[in-house]
>>> print(open('model-v4.pdb').read())   # PDB, C-alpha atoms and all ligand atoms
ATOM      1  CA  MET A   2     107.320 111.536 196.596  1.00  0.00           C
ATOM      2  CA  VAL A   3     107.918 114.493 198.903  1.00  0.00           C
ATOM      3  CA  GLY A   4     110.060 112.273 201.136  1.00  0.00           C
ATOM      4  CA  ARG A   5     112.120 111.085 198.192  1.00  0.00           C
ATOM      5  CA  LEU A   6     112.750 114.631 197.003  1.00  0.00           C
ATOM      6  CA  TYR A   7     113.692 115.660 200.515  1.00  0.00           C
ATOM      7  CA  SER A   8     116.261 112.873 200.849  1.00  0.00           C
ATOM      8  CA  GLU A   9     117.733 113.742 197.444  1.00  0.00           C
ATOM      9  CA  ALA A  10     118.096 117.353 198.548  1.00  0.00           C
ATOM     10  CA  GLN A  11     119.803 116.195 201.737  1.00  0.00           C
ATOM     11  CA  GLU A  12     122.361 114.243 199.720  1.00  0.00           C
ATOM     12  CA  MET A  13     123.351 117.309 197.727  1.00  0.00           C
ATOM     13  CA  LYS A  14     126.736 118.209 199.223  1.00  0.00           C
ATOM     14  CA  CYS A  15     129.348 120.601 197.917  1.00  0.00           C
ATOM     15  CA  ILE A  16     132.451 118.870 196.498  1.00  0.00           C
ATOM     16  CA  GLN A  17     134.638 121.788 197.621  1.00  0.00           C
ATOM     17  CA  CYS A  18     133.587 122.214 201.257  1.00  0.00           C
ATOM     18  CA  GLN A  19     130.865 119.581 201.991  1.00  0.00           C
ATOM     19  CA  GLY A  20     128.436 122.448 202.616  1.00  0.00           C
ATOM     20  CA  SER A  21     124.803 121.965 201.650  1.00  0.00           C
ATOM     21  CA  MET A  22     123.675 122.897 198.183  1.00  0.00           C
ATOM     22  CA  GLU A  23     120.483 124.893 197.708  1.00  0.00           C
ATOM     23  CA  ARG A  24     118.355 125.394 194.631  1.00  0.00           C
ATOM     24  CA  ASN A  25     118.936 128.945 193.434  1.00  0.00           C
ATOM     25  CA  THR A  26     120.015 130.863 190.364  1.00  0.00           C
ATOM     26  CA  ALA A  27     123.525 131.833 189.356  1.00  0.00           C
ATOM     27  CA  PRO A  28     125.068 133.978 186.650  1.00  0.00           C
ATOM     28  CA  PHE A  29     127.085 132.214 183.981  1.00  0.00           C
ATOM     29  CA  HIS A  30     129.413 133.523 181.310  1.00  0.00           C
ATOM     30  CA  ILE A  31     131.383 131.849 178.587  1.00  0.00           C
ATOM     31  CA  ASP A  32     134.154 133.241 176.408  1.00  0.00           C
ATOM     32  CA  ARG A  33     134.019 131.852 172.898  1.00  0.00           C
ATOM     33  CA  ASN A  34     136.155 132.495 169.869  1.00  0.00           C
ATOM     34  CA  GLY A  35     134.664 135.756 168.587  1.00  0.00           C
ATOM     35  CA  TYR A  36     132.011 136.458 171.211  1.00  0.00           C
ATOM     36  CA  HIS A  37     131.251 136.381 174.908  1.00  0.00           C
ATOM     37  CA  LEU A  38     127.967 135.194 176.309  1.00  0.00           C
ATOM     38  CA  VAL A  39     126.656 136.317 179.705  1.00  0.00           C
ATOM     39  CA  PHE A  40     123.589 134.919 181.457  1.00  0.00           C
ATOM     40  CA  ASP A  41     122.311 136.787 184.499  1.00  0.00           C
ATOM     41  CA  ARG A  42     120.256 133.981 186.012  1.00  0.00           C
ATOM     42  CA  ILE A  43     120.381 130.243 185.418  1.00  0.00           C
ATOM     43  CA  ALA A  44     118.732 127.728 187.739  1.00  0.00           C
ATOM     44  CA  ALA A  45     121.507 125.989 189.664  1.00  0.00           C
ATOM     45  CA  TRP A  46     122.581 124.321 192.877  1.00  0.00           C
ATOM     46  CA  VAL A  47     124.535 126.842 194.924  1.00  0.00           C
ATOM     47  CA  CYS A  48     126.623 125.993 198.005  1.00  0.00           C
ATOM     48  CA  ASN A  49     125.474 128.066 200.968  1.00  0.00           C
ATOM     49  CA  GLN A  50     129.001 128.025 202.429  1.00  0.00           C
ATOM     50  CA  CYS A  51     131.477 128.694 199.608  1.00  0.00           C
ATOM     51  CA  GLY A  52     129.167 129.685 196.744  1.00  0.00           C
ATOM     52  CA  GLU A  53     130.210 126.783 194.474  1.00  0.00           C
ATOM     53  CA  VAL A  54     127.716 126.444 191.614  1.00  0.00           C
ATOM     54  CA  TYR A  55     126.485 123.280 189.893  1.00  0.00           C
ATOM     55  CA  PHE A  56     124.241 123.303 186.849  1.00  0.00           C
ATOM     56  CA  GLU A  57     121.981 120.336 186.174  1.00  0.00           C
ATOM     57  CA  GLU A  58     121.935 118.509 182.856  1.00  0.00           C
ATOM     58  CA  ALA A  59     118.805 120.296 181.616  1.00  0.00           C
ATOM     59  CA  GLU A  60     120.400 123.709 182.094  1.00  0.00           C
ATOM     60  CA  VAL A  61     123.731 122.564 180.605  1.00  0.00           C
ATOM     61  CA  ASP A  62     121.879 121.154 177.570  1.00  0.00           C
ATOM     62  CA  SER A  63     120.072 124.457 177.038  1.00  0.00           C
ATOM     63  CA  ILE A  64     123.272 126.462 177.324  1.00  0.00           C
ATOM     64  CA  GLN A  65     125.053 124.137 174.873  1.00  0.00           C
ATOM     65  CA  SER A  66     122.224 124.395 172.374  1.00  0.00           C
ATOM     66  CA  ILE A  67     122.312 128.216 172.610  1.00  0.00           C
ATOM     67  CA  ILE A  68     126.099 128.154 172.081  1.00  0.00           C
ATOM     68  CA  GLN A  69     125.762 125.907 169.009  1.00  0.00           C
ATOM     69  CA  THR A  70     123.198 128.275 167.506  1.00  0.00           C
ATOM     70  CA  VAL A  71     125.239 131.392 168.240  1.00  0.00           C
ATOM     71  CA  ASP A  72     128.457 129.716 166.988  1.00  0.00           C
ATOM     72  CA  ALA A  73     126.824 129.038 163.611  1.00  0.00           C
ATOM     73  CA  GLN A  74     125.538 132.608 163.275  1.00  0.00           C
ATOM     74  CA  VAL A  75     128.757 134.237 164.488  1.00  0.00           C
ATOM     75  CA  GLU A  76     130.710 132.336 161.813  1.00  0.00           C
ATOM     76  CA  LYS A  77     128.518 133.990 159.152  1.00  0.00           C
ATOM     77  CA  LEU A  78     128.893 137.428 160.762  1.00  0.00           C
ATOM     78  CA  ALA A  79     132.670 137.192 160.669  1.00  0.00           C
ATOM     79  CA  VAL A  80     132.810 136.547 156.911  1.00  0.00           C
ATOM     80  CA  VAL A  81     134.113 139.617 155.110  1.00  0.00           C
ATOM     81  CA  ALA A  82     132.432 139.949 151.725  1.00  0.00           C
TER      82      ALA A  82
HETATM   83 ZN    ZN A 101     130.937 124.681 199.229  1.00  0.00          ZN
END
>>> encode(input="model-v4.pdb", output="structure tokens")
Amino acid sequence: MVGRLYSEAQEMKCIQCQGSMERNTAPFHIDRNGYHLVFDRIAAWVCNQCGEVYFEEAEVDSIQSIIQTVDAQVEKLAVVA
């Protein structure tokens, strides 16, 4: 199991510069219609050469679910009574 994880980590190469990707955290922000969301730290693969960031599916899913929730609430907030 450890060997398998190690080989997977070895295969993780940066698309931009072929540098090696390391497990780290990265900030992430998204500009939406009506609001802007900023995360300070999200688990990610970060290139140790050029700083390119990749988020895994689990993190992307979480972010998308947060955005869906906020989208729905922001729509209500923007309604002028
Ligand atoms: Zn890179």
>>> closest_residue(input="model-v4.pdb", among="A:Val54, A:Glu12, A:Phe40, A:Trp46", to="A:Arg24", atoms="only C-alpha atoms")
A:Trp46
>>> closest_atom_pairs(input="model-v4.pdb", of="chain A", to="ligand ZN 101 (chain A)", cutoff="12 Å", atoms="all atoms listed in the file", output="tab-separated table")
residue	atom	partner	partner_atom	distance
A:Met13	CA	A:ZN101	ZN	10.7
A:Lys14	CA	A:ZN101	ZN	7.7
A:Cys15	CA	A:ZN101	ZN	4.6
A:Ile16	CA	A:ZN101	ZN	6.6
A:Gln17	CA	A:ZN101	ZN	5.0
A:Cys18	CA	A:ZN101	ZN	4.1
A:Gln19	CA	A:ZN101	ZN	5.8
A:Gly20	CA	A:ZN101	ZN	4.8
A:Ser21	CA	A:ZN101	ZN	7.1
A:Met22	CA	A:ZN101	ZN	7.6
A:Glu23	CA	A:ZN101	ZN	10.6
A:Trp46	CA	A:ZN101	ZN	10.5
A:Val47	CA	A:ZN101	ZN	8.0
A:Cys48	CA	A:ZN101	ZN	4.7
A:Asn49	CA	A:ZN101	ZN	6.7
A:Gln50	CA	A:ZN101	ZN	5.0
A:Cys51	CA	A:ZN101	ZN	4.1
A:Gly52	CA	A:ZN101	ZN	5.9
A:Glu53	CA	A:ZN101	ZN	5.2
A:Val54	CA	A:ZN101	ZN	8.5
A:Tyr55	CA	A:ZN101	ZN	10.4
>>> residues_around(input="model-v4.pdb", residues="A:Glu57", least_positions_apart="5", cutoff="12 Å", atoms="all atoms listed in the file", output="list in words")
Arg24, Asn25, Thr26, Ile43, Ala44, Ala45, Trp46, Val47, Asp62, Ser63 and Ile64 of chain A
>>> atom_distance(input="model-v4.pdb", atom1="atom CA of A:Phe29", atom2="atom CA of A:Asp41")
6.6 Å
>>> atom_distance(input="model-v4.pdb", atom1="atom CA of A:Asn34", atom2="atom CA of A:Phe56")
22.7 Å
